[in-house]
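The file model09.txt contains compact mmCIF, C-alpha atoms and all ligand atoms:
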# COMPACT_ATOMS: atom_id res chain seq x y z
CA MET A 922 -4.58 4.95 0.39
CA ARG A 923 -2.30 2.09 -0.60
CA ILE A 924 1.27 1.88 0.64
CA ILE A 925 3.47 -0.35 -1.48
CA SER A 926 7.12 -1.26 -0.86
CA VAL A 927 9.29 -2.18 -3.81
CA VAL A 928 11.67 -4.57 -2.18
CA ASN A 929 14.35 -7.20 -2.89
CA GLN A 930 17.75 -7.40 -1.27
CA LYS A 931 19.28 -8.38 -4.59
CA GLY A 932 20.99 -5.38 -6.16
CA GLY A 933 20.16 -4.19 -9.67
CA CYS A 934 16.94 -6.19 -10.15
CA GLY A 935 14.88 -3.14 -11.14
CA LYS A 936 13.50 -1.89 -7.81
CA THR A 937 14.19 1.78 -8.49
CA THR A 938 13.17 1.57 -12.15
CA THR A 939 9.89 -0.02 -11.02
CA ALA A 940 9.29 2.41 -8.14
CA VAL A 941 9.86 5.53 -10.30
CA ASN A 942 7.98 4.44 -13.41
CA LEU A 943 5.11 2.81 -11.60
CA SER A 944 4.65 5.98 -9.51
CA ASP A 945 4.67 8.14 -12.59
CA CYS A 946 2.26 5.90 -14.53
CA LEU A 947 -0.15 5.89 -11.56
CA ALA A 948 0.06 9.69 -11.54
CA LEU A 949 -0.76 9.74 -15.26
CA HIS A 950 -3.92 7.84 -14.36
CA HIS A 951 -4.87 10.72 -12.06
CA ARG A 952 -3.77 9.06 -8.82
CA LYS A 953 -1.93 11.30 -6.40
CA VAL A 954 1.33 9.54 -5.69
CA LEU A 955 4.17 10.01 -3.22
CA LEU A 956 7.39 8.17 -4.07
CA ILE A 957 9.59 7.81 -1.00
CA ASP A 958 13.27 7.19 -1.67
CA LEU A 959 14.52 4.95 1.14
CA ASP A 960 17.86 4.11 -0.42
CA PRO A 961 21.00 6.08 0.55
CA GLN A 962 22.16 5.62 -3.07
CA SER A 963 19.35 8.12 -3.91
CA ASN A 964 18.75 6.51 -7.29
CA ALA A 965 15.00 7.14 -7.21
CA THR A 966 15.63 10.80 -6.40
CA LEU A 967 18.05 11.11 -9.31
CA ALA A 968 15.97 9.08 -11.77
CA SER A 969 12.97 11.31 -11.00
CA GLY A 970 15.09 14.31 -11.92
CA ILE A 971 15.22 15.94 -8.48
CA LYS A 972 18.24 18.25 -8.34
CA ASP A 973 20.17 18.85 -5.16
CA ASP A 974 19.03 22.47 -4.96
CA GLU A 975 15.38 21.36 -5.08
CA ILE A 976 15.83 19.32 -1.89
CA ASN A 977 14.92 21.16 1.24
CA LYS A 978 14.59 18.29 3.72
CA CYS A 979 15.13 14.62 2.99
CA MET A 980 14.09 11.26 4.44
CA TYR A 981 17.00 11.32 6.89
CA ASP A 982 15.43 14.38 8.54
CA VAL A 983 12.09 12.56 8.79
CA LEU A 984 13.51 9.37 10.28
CA CYS A 985 16.14 10.86 12.57
CA ASN A 986 15.20 14.49 13.27
CA LYS A 987 11.42 14.04 13.50
CA VAL A 988 10.86 16.53 10.66
CA PRO A 989 7.21 16.13 9.52
CA LEU A 990 6.98 14.10 6.32
CA ARG A 991 4.53 16.65 4.93
CA SER A 992 7.32 19.22 4.60
CA VAL A 993 9.57 16.97 2.50
CA PRO A 994 7.96 16.04 -0.86
CA VAL A 995 8.93 17.83 -4.06
CA GLU A 996 6.16 17.97 -6.68
CA LYS A 997 7.98 16.91 -9.81
CA TYR A 998 5.03 16.43 -12.17
CA PRO A 999 1.29 16.84 -11.66
CA ASN A 1000 0.21 14.25 -9.06
CA PHE A 1001 3.77 12.90 -8.77
CA PHE A 1002 5.59 13.85 -5.56
CA VAL A 1003 8.99 12.62 -4.43
CA ALA A 1004 10.31 12.48 -0.87
CA PRO A 1005 14.01 12.47 -1.70
CA SER A 1006 16.98 10.87 0.00
CA ARG A 1007 20.60 11.83 0.31
CA VAL A 1008 23.64 9.77 1.17
CA THR A 1009 23.13 10.80 4.82
CA LEU A 1010 20.34 8.21 4.89
CA SER A 1011 23.05 5.56 5.34
CA ALA A 1012 23.44 6.84 8.92
CA VAL A 1013 19.82 6.02 9.80
CA GLU A 1014 20.47 2.41 10.81
CA GLN A 1015 23.17 3.48 13.27
CA PHE A 1016 21.12 6.40 14.55
CA LEU A 1017 18.02 4.33 15.25
CA ALA A 1018 19.83 1.23 16.53
CA GLY A 1019 18.79 0.43 20.07
CA GLN A 1020 15.95 2.96 20.07
CA GLN A 1021 12.50 1.80 21.06
CA GLY A 1022 10.03 1.79 18.18
CA ARG A 1023 12.86 1.98 15.64
CA GLU A 1024 11.00 -0.28 13.20
CA THR A 1025 7.88 1.89 13.07
CA VAL A 1026 9.34 5.38 12.69
CA LEU A 1027 8.34 5.52 9.03
CA ARG A 1028 4.87 4.11 9.65
CA ASP A 1029 4.27 6.82 12.26
CA ALA A 1030 5.61 9.53 9.95
CA ILE A 1031 3.30 8.40 7.14
CA GLN A 1032 0.24 8.76 9.40
CA GLN A 1033 0.46 12.51 8.91
CA VAL A 1034 0.14 12.37 5.12
CA LYS A 1035 -2.12 9.37 4.78
CA ASN A 1036 -5.07 11.44 3.61
CA ASP A 1037 -2.98 13.46 1.16
CA PHE A 1038 -2.18 10.71 -1.35
CA ASP A 1039 -3.81 7.79 -3.14
CA TYR A 1040 -0.56 5.82 -3.29
CA ILE A 1041 2.73 5.85 -1.43
CA ILE A 1042 5.47 3.87 -3.17
CA LEU A 1043 8.63 3.04 -1.20
CA ASP A 1044 11.89 2.37 -3.03
CA CYS A 1045 13.95 0.12 -0.72
CA PRO A 1046 17.72 -0.36 -0.61
CA PRO A 1047 19.30 -3.69 -1.62
CA SER A 1048 19.54 -5.06 1.93
CA ILE A 1049 17.26 -6.23 4.69
CA GLY A 1050 18.19 -3.73 7.35
CA LEU A 1051 16.26 -1.26 9.43
CA LEU A 1052 15.25 0.86 6.40
CA THR A 1053 13.67 -2.11 4.63
CA PHE A 1054 12.07 -3.22 7.89
CA ASN A 1055 10.57 0.24 8.35
CA ALA A 1056 9.24 0.10 4.80
CA LEU A 1057 7.63 -3.30 5.33
CA ARG A 1058 6.06 -2.27 8.63
CA ALA A 1059 4.58 0.81 6.95
CA SER A 1060 3.24 -1.07 3.90
CA SER A 1061 0.16 -3.09 3.24
CA GLU A 1062 1.58 -4.43 -0.01
CA ALA A 1063 4.98 -5.27 -1.46
CA ILE A 1064 6.19 -5.67 -5.02
CA ILE A 1065 9.22 -7.90 -5.48
CA PRO A 1066 10.95 -7.27 -8.81
CA ILE A 1067 12.74 -10.41 -9.96
CA GLU A 1068 15.36 -10.16 -12.63
CA MET A 1069 15.20 -13.03 -15.08
CA SER A 1070 18.67 -14.38 -14.31
CA CYS A 1071 19.89 -17.42 -12.46
CA PHE A 1072 21.24 -15.59 -9.40
CA SER A 1073 18.06 -13.70 -8.72
CA ILE A 1074 16.41 -16.65 -7.01
CA GLN A 1075 19.16 -16.79 -4.38
CA GLY A 1076 18.28 -14.85 -1.29
CA LEU A 1077 14.59 -14.72 -2.18
CA GLY A 1078 13.88 -17.28 0.52
CA ARG A 1079 15.44 -14.96 3.05
CA LEU A 1080 13.28 -12.04 1.95
CA LEU A 1081 10.09 -14.10 2.06
CA GLY A 1082 11.20 -15.52 5.44
CA THR A 1083 11.67 -11.99 6.75
CA ILE A 1084 8.19 -10.99 5.62
CA GLU A 1085 6.69 -14.10 7.24
CA LEU A 1086 8.61 -13.59 10.47
CA MET A 1087 7.51 -9.98 10.64
CA GLN A 1088 3.91 -10.99 10.03
CA GLU A 1089 4.05 -13.54 12.84
CA ARG A 1090 5.83 -11.26 15.26
CA THR A 1091 3.83 -8.11 14.67
CA ASN A 1092 0.50 -9.36 13.37
CA HIS A 1093 0.99 -7.01 10.41
CA THR A 1094 0.15 -8.68 7.10
CA ILE A 1095 1.54 -7.74 3.73
CA ALA A 1096 0.19 -8.83 0.36
CA PHE A 1097 3.33 -9.39 -1.67
CA ARG A 1098 3.66 -10.17 -5.35
CA ALA A 1099 6.52 -10.67 -7.75
CA VAL A 1100 6.98 -8.86 -11.03
CA PRO A 1101 9.46 -10.30 -13.57
CA THR A 1102 11.95 -7.69 -14.74
CA LEU A 1103 14.69 -7.53 -17.38
CA PHE A 1104 12.74 -10.11 -19.35
CA ASP A 1105 14.18 -10.94 -22.75
CA ARG A 1106 11.49 -12.60 -24.80
CA ARG A 1107 13.94 -13.72 -27.49
CA THR A 1108 15.74 -16.11 -25.16
CA LYS A 1109 14.42 -19.52 -24.14
CA TYR A 1110 16.17 -18.94 -20.88
CA SER A 1111 13.86 -16.06 -19.91
CA TRP A 1112 10.77 -18.18 -20.61
CA ASP A 1113 12.13 -21.17 -18.65
CA PHE A 1114 13.03 -18.92 -15.78
CA LEU A 1115 9.60 -17.34 -15.83
CA ASP A 1116 8.07 -20.83 -15.45
CA GLU A 1117 10.30 -21.46 -12.46
CA ILE A 1118 9.30 -18.19 -10.82
CA ARG A 1119 5.64 -18.97 -11.47
CA ARG A 1120 6.07 -22.34 -9.73
CA HIS A 1121 7.62 -20.51 -6.79
CA PHE A 1122 5.10 -17.69 -6.46
CA GLY A 1123 1.90 -19.22 -7.87
CA ASP A 1124 -0.78 -16.57 -8.02
CA ARG A 1125 1.38 -14.12 -6.10
CA MET A 1126 2.62 -12.71 -9.38
CA PHE A 1127 1.59 -9.87 -11.64
CA SER A 1128 0.53 -10.77 -15.17
CA THR A 1129 2.69 -7.93 -16.46
CA LYS A 1130 6.32 -8.66 -17.36
CA ILE A 1131 8.85 -5.84 -17.61
CA HIS A 1132 10.99 -6.45 -20.67
CA THR A 1133 14.58 -5.38 -21.02
CA ASN A 1134 14.36 -2.03 -22.75
CA VAL A 1135 17.31 0.27 -23.18
CA ARG A 1136 15.02 3.33 -23.18
CA LEU A 1137 14.34 2.70 -19.48
CA LYS A 1138 18.06 2.94 -18.76
CA GLU A 1139 18.40 6.05 -20.90
CA ALA A 1140 15.40 7.69 -19.24
CA ALA A 1141 16.90 7.07 -15.79
CA SER A 1142 20.22 8.60 -16.90
CA ALA A 1143 18.32 11.62 -18.21
CA GLY A 1144 16.55 11.96 -14.83
CA LYS A 1145 13.11 11.33 -16.33
CA PRO A 1146 10.39 8.76 -15.83
CA ILE A 1147 9.85 6.86 -19.07
CA SER A 1148 6.52 8.60 -19.76
CA ARG A 1149 8.38 11.94 -19.98
CA PHE A 1150 11.07 10.41 -22.17
CA ASP A 1151 9.59 7.98 -24.69
CA THR A 1152 5.92 7.02 -24.63
CA GLY A 1153 6.46 4.89 -27.73
CA SER A 1154 8.83 2.56 -25.90
CA LEU A 1155 8.15 -0.94 -24.66
CA GLY A 1156 9.33 0.23 -21.24
CA PHE A 1157 6.48 2.73 -21.04
CA PHE A 1158 3.96 0.18 -22.28
CA ASP A 1159 5.05 -2.34 -19.61
CA TYR A 1160 4.96 0.05 -16.66
CA ASP A 1161 1.64 1.46 -17.80
CA GLN A 1162 0.31 -2.12 -17.87
CA LEU A 1163 1.60 -2.68 -14.34
CA ALA A 1164 -0.08 0.53 -13.16
CA LYS A 1165 -3.36 -0.55 -14.76
CA GLU A 1166 -3.12 -3.95 -13.08
CA ILE A 1167 -2.71 -2.24 -9.72
CA ILE A 1168 -5.50 0.26 -10.37
CA ALA A 1169 -7.85 -2.58 -11.34
CA GLU A 1170 -7.58 -3.88 -7.78
CA GLU A 1171 -8.77 -0.65 -6.20
CA PRO A 1172 -12.44 -1.63 -5.73
CA LYS A 1173 -11.34 -4.82 -3.95
CA ILE A 1174 -8.98 -2.91 -1.66
CA GLN A 1175 -11.54 -0.19 -0.94
CA SER A 1176 -14.14 -2.74 0.08
CA ILE A 1177 -11.94 -3.64 3.05
CA LYS A 1178 -11.32 0.02 3.92
CA THR A 1179 -11.80 0.54 7.64
CA VAL A 1180 -13.71 3.41 9.19
CA GLU A 1181 -14.10 4.36 12.81
CA SER A 1182 -17.37 2.86 14.06
CA PRO A 1183 -19.23 3.36 16.25
CA LEU A 1184 -18.12 6.95 16.73
CA LYS A 1185 -19.29 9.01 19.70
CA THR A 1186 -20.31 12.44 18.38
CA GLU A 1187 -22.14 15.42 19.89
CA ARG A 1188 -25.32 14.38 18.08
CA GLY A 1189 -25.19 10.80 19.31
CA ILE A 1190 -23.54 7.55 18.31
CA GLN A 1191 -22.59 7.37 14.66
CA PHE A 1192 -22.66 3.86 13.16
CA ARG A 1193 -20.70 3.45 9.94
CA CYS A 1194 -20.41 0.58 7.52
CA PHE A 1195 -18.32 0.68 4.35
CA ALA A 1196 -20.20 -1.31 1.71
CA PRO A 1197 -19.72 0.22 -1.77
CA ASN A 1198 -21.77 -2.36 -3.66
CA ALA A 1199 -24.70 -2.63 -1.24
CA GLN A 1200 -28.28 -1.63 -2.11
CA ASN A 1201 -29.27 -1.10 1.52
CA VAL A 1202 -27.75 -1.33 4.97
CA GLN A 1203 -29.79 -1.60 8.17
CA LEU A 1204 -28.93 -1.52 11.83
CA VAL A 1205 -30.44 -3.90 14.38
CA GLY A 1206 -29.62 -4.43 18.04
CA ASP A 1207 -31.03 -4.92 21.47
CA PHE A 1208 -31.93 -1.21 21.42
CA ASN A 1209 -34.69 -2.00 18.88
CA ASN A 1210 -35.38 -5.63 19.82
CA TRP A 1211 -33.37 -6.79 16.80
CA SER A 1212 -36.21 -5.73 14.49
CA PRO A 1213 -35.28 -5.28 10.82
CA ASN A 1214 -36.85 -2.64 8.56
CA GLN A 1215 -36.64 0.08 11.23
CA ILE A 1216 -33.24 1.74 11.14
CA TYR A 1217 -31.68 2.31 7.73
CA LEU A 1218 -28.15 3.66 7.27
CA GLU A 1219 -27.69 6.38 4.64
CA ASN A 1220 -25.23 6.47 1.78
CA LYS A 1221 -25.53 10.23 1.21
CA ASN A 1222 -22.43 10.70 -0.92
CA GLY A 1223 -22.95 7.52 -2.89
CA ASP A 1224 -19.42 6.44 -2.00
CA GLY A 1225 -20.44 3.36 -0.04
CA ASP A 1226 -19.77 4.96 3.35
CA TRP A 1227 -23.13 4.16 4.98
CA ASN A 1228 -23.87 5.84 8.29
CA LYS A 1229 -26.53 6.69 10.83
CA THR A 1230 -26.42 8.64 14.07
CA LEU A 1231 -28.62 7.51 16.97
CA LEU A 1232 -29.22 8.95 20.41
CA LEU A 1233 -28.91 6.08 22.86
CA PRO A 1234 -29.28 6.17 26.63
CA LYS A 1235 -26.33 5.02 28.72
CA GLY A 1236 -25.89 1.28 28.63
CA ARG A 1237 -24.27 -1.71 27.00
CA TYR A 1238 -25.64 -2.81 23.63
CA GLN A 1239 -25.16 -5.56 21.10
CA TYR A 1240 -25.85 -4.84 17.45
CA ARG A 1241 -25.31 -5.94 13.85
CA PHE A 1242 -25.68 -4.51 10.38
CA ILE A 1243 -27.88 -6.10 7.75
CA VAL A 1244 -26.16 -5.59 4.42
CA ASP A 1245 -28.51 -6.55 1.57
CA GLY A 1246 -30.19 -9.12 3.81
CA SER A 1247 -27.01 -10.57 5.39
CA TRP A 1248 -26.55 -10.09 9.11
CA VAL A 1249 -22.94 -9.06 9.76
CA HIS A 1250 -21.01 -7.72 12.72
CA ASP A 1251 -19.29 -4.32 12.58
CA LYS A 1252 -15.79 -5.11 11.25
CA ASN A 1253 -14.48 -1.78 12.51
CA ASN A 1254 -15.44 -2.46 16.09
CA GLN A 1255 -12.97 -4.66 17.95
CA GLN A 1256 -15.51 -5.41 20.66
CA ALA A 1257 -17.69 -8.36 19.71
CA GLU A 1258 -19.26 -11.37 21.38
CA TYR A 1259 -20.46 -14.72 20.10
CA SER A 1260 -24.22 -14.79 19.66
CA PRO A 1261 -26.09 -17.85 20.99
CA TYR A 1262 -27.73 -17.99 17.54
CA GLY A 1263 -24.35 -18.15 15.76
CA GLY A 1264 -21.92 -15.54 14.45
CA LEU A 1265 -20.72 -12.42 16.17
CA ASN A 1266 -22.59 -9.48 17.65
CA SER A 1267 -20.75 -6.18 17.97
CA VAL A 1268 -20.72 -4.59 21.40
CA LEU A 1269 -21.10 -0.91 22.24
CA GLU A 1270 -20.89 0.78 25.60
CA VAL A 1271 -22.38 4.27 25.89
N1 LIG A 1301 13.68 -3.26 -17.84
C1 LIG A 1301 14.90 -2.72 -17.94
N2 LIG A 1301 15.51 -2.62 -19.12
C2 LIG A 1301 16.75 -2.09 -19.23
N3 LIG A 1301 17.47 -1.63 -18.20
C3 LIG A 1301 16.92 -1.71 -16.99
C4 LIG A 1301 15.60 -2.25 -16.77
N4 LIG A 1301 15.33 -2.22 -15.46
C5 LIG A 1301 16.40 -1.67 -14.87
N5 LIG A 1301 17.36 -1.38 -15.77
C6 LIG A 1301 18.68 -0.81 -15.52
O1 LIG A 1301 19.37 -1.72 -14.67
C7 LIG A 1301 20.09 -1.02 -13.67
C8 LIG A 1301 19.60 -1.44 -12.28
O2 LIG A 1301 18.23 -1.09 -12.18
P1 LIG A 1301 17.64 -0.44 -10.86
O3 LIG A 1301 18.49 0.69 -10.39
O4 LIG A 1301 16.21 -0.17 -11.10
O5 LIG A 1301 17.79 -1.67 -9.86
P2 LIG A 1301 17.69 -1.66 -8.28
O6 LIG A 1301 17.14 -2.98 -7.89
O7 LIG A 1301 17.00 -0.47 -7.81
O8 LIG A 1301 19.22 -1.56 -7.88
P3 LIG A 1301 19.78 -1.34 -6.38
O9 LIG A 1301 19.62 -2.66 -5.72
O10 LIG A 1301 21.20 -0.94 -6.58
O11 LIG A 1301 18.96 -0.28 -5.74
C9 LIG A 1301 19.88 0.45 -13.95
O12 LIG A 1301 20.94 0.92 -14.75
C10 LIG A 1301 18.59 0.50 -14.76
O13 LIG A 1301 18.52 1.61 -15.62
MG MG A 1302 17.55 0.96 -6.38

The structure given in the file should be rewritten as structure tokens.
Ligand SMILES: Nc1ncnc2c1ncn2[C@@H]1O[C@H](COP(=O)(O)OP(=O)(O)OP(=O)(O)O)[C@@H](O)[C@H]1O
Ligand SMILES: [Mg+2]
Amino acid sequence: MRIISVVNQKGGCGKTTTAVNLSDCLALHHRKVLLIDLDPQSNATLASGIKDDEINKCMYDVLCNKVPLRSVPVEKYPNFFVAPSRVTLSAVEQFLAGQQGRETVLRDAIQQVKNDFDYIILDCPPSIGLLTFNALRASSEAIIPIEMSCFSIQGLGRLLGTIELMQERTNHTIAFRAVPTLFDRRTKYSWDFLDEIRRHFGDRMFSTKIHTNVRLKEAASAGKPISRFDTGSLGFFDYDQLAKEIIAEEPKIQSIKTVESPLKTERGIQFRCFAPNAQNVQLVGDFNNWSPNQIYLENKNGDGDWNKTLLLPKGRYQYRFIVDGSWVHDKNNQQAEYSPYGGLNSVLEV
């Protein structure tokens, strides 16, 4: 599952428009998506067409009253779920102030639904307060919409500084990228500004640009994602492109998916290695004198989740996987030691 914040403290740069339409376009591509509205203005809730009487619980209840996140989402369209907000969300910062763990309340709440969705998209408010901090702590990725206007660059440094500071302080890394919004291709200004943004962000930018398109505004007013409003519009084309760009990265993201390994089960110790493109994966260790061609992991479901369960007597072992001939340590096992022959050996205590 990918958790992506749509964030920028600048107001009106297209965060909500991006969060709603990207979520919906991902859902159209058969991804199961949860859009979480983290803005007390509730624009994402309204633009998705959620009516007040459809809301049972909202994000305030999750963050302040420990209501399980699973009980909140409204299924608006197939695969497209919305966890709505109400104006009460503005009280969250005050409620959580001074509480221990206040920056990770959302991350903890998301744990419960992390196997239910392919994507969670977080629409952030236009400020860097506790709500935005919670979003960033919960996310592995962030999209920064940047309006193609001269004021939009101001304050960006602060946002990027906040992300860097959080990464240093918490050891939690976020892959962030900018997406140009409200782009007017008829003006030289937009193109010049795009060059400036590219200089600033380098390869941390999407190829897709979101053009100014009045149909996006009209769709939001009608409480509909653009795909339910006008599929012939440039707005739909752009957000569909953005969704495709994000989907194209899935194999790369999945290859760094972590699994619990080694796992102690009733049948023995289960070794697991996630290697979707591998032809074969072996296990070697001091339990078999580091001899290759003896223990092969199995990829029964063909999904790249290789595993093997072994019965091992009590003891302390070092081991490695051999993935298509390369000796690698177990990335999911924190315990590892330097080998006198170079590289790391994973360590297991039974
Ligand atoms: N590409 C676009 N073309 C035309 N109008 C747009 C586009 N993107 C956003 N808008 C309009 O601009 C306004 C602000 O957009 P949006 O609400 O998405 O920004 P925001 O960053 O979420 O704002 P806030 O900071 O207040 O949450 C809205 O009226 C929206 O419909
Ligand atoms: Mg918004």

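The set of protein, DNA and RNA residues with any counted atom at most 12 Å from (5.6, -19.6, -13.4) (only C-alpha atoms) reads Met1069, Ala1099, Val1100, Pro1101, Ser1111, Trp1112, Asp1113, Phe1114, Leu1115, Asp1116, Glu1117, Ile1118, Arg1119, Arg1120, His1121, Phe1122, Gly1123, Asp1124, Arg1125, Met1126, Phe1127, Ser1128 and Lys1130 of chain A.
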
| said: Any residue with an atom at most 8 Å from ligand MG 1302 (chain A) counts, using all atoms listed in the file. Which are they? Put them as a PyMOL selection string. | reply: chain A and resi 932-933+935-938+960+962-965+1044-1047

| task | Would you please work out which residue, of A:Pro999, A:Gly1019, A:Pro1066, A:Pro1146, is nearest to ligand LIG 1301 (chain A) when using only C-alpha atoms and all ligand atoms? | result |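 Looking at the shortest contact to ligand LIG 1301 (chain A), the residue is A:Pro1066.
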
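Coordinates place CA of Arg1058 (chain A) at a distance of 8.6 Å from CA of Ile1095 (chain A).
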
| query | Gln1032 (chain A): which residues within 12 Å, counting all atoms listed in the file, same-chain residues fewer than 4 positions away excluded, as a PyMOL selection string? | reply | chain A and resi 922+924+989-991+1025-1028+1036-1038+1041+1059-1060

| query | Of the candidates A:Ala1199, A:Ile976, A:Ala968, A:Ala1257, which shows the shortest atom-to-atom distance to ligand LIG 1301 (chain A), using only C-alpha atoms and all ligand atoms? | reply |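 Residue with the minimum atom-to-atom distance to ligand LIG 1301 (chain A): A:Ala968.
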
| task | Could you please determine the separation between CA of Asn1220 (chain A) and CA of Glu1270 (chain A) in Å, to one decimal place? | result | 24.9 Å

| said: Can you tell me which residues surround Glu996 (chain A) at a distance of at most 10 Å, considering only C-alpha atoms, apart from same-chain residues fewer than 6 positions away, and format the answer as a list in words? | reply: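 Here the answer would be Val954, Leu955, Ile971, Glu975, Phe1002, Val1003 and Ala1004 of chain A.
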
Using the file's own x, y and z axes, so that the box edges lie along x, y and z, what centre and edge lengths in Å (one decimal) does a box around every listed atom of ligand LIG 1301 (chain A) get when 5 Å is added on each side? Give it as AutoDock Vina command-line options.
--center_x 17.4 --center_y -0.8 --center_z -12.5 --size_x 17.5 --size_y 14.9 --size_z 23.5

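Proximity to ligand LIG 1301 (chain A) was assessed for A:Ser1142, A:Asn1134, A:Asn1201, A:Thr1108 counting all atoms listed in the file; the smallest distance is recorded for A:Asn1134.
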
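Relative to CA of Gln1200 (chain A), CA of Tyr1217 (chain A) is found at 11.1 Å.
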
| said: Under the rule that all atoms listed in the file are counted, which of A:Gly1246, A:Thr1133, A:Ser1182, A:Leu1086 is the nearest residue to Arg1106 (chain A)? | reply: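 Comparing A:Gly1246, A:Thr1133, A:Ser1182, A:Leu1086 against Arg1106 (chain A), the winner is A:Thr1133.
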
| Which one of A:Phe1104, A:Pro1197, A:Pro1183, A:Gly1156 sits closest to Asn1222 (chain A) if you count all atoms listed in the file? |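 For Asn1222 (chain A), the nearest of the given residues is A:Pro1197.
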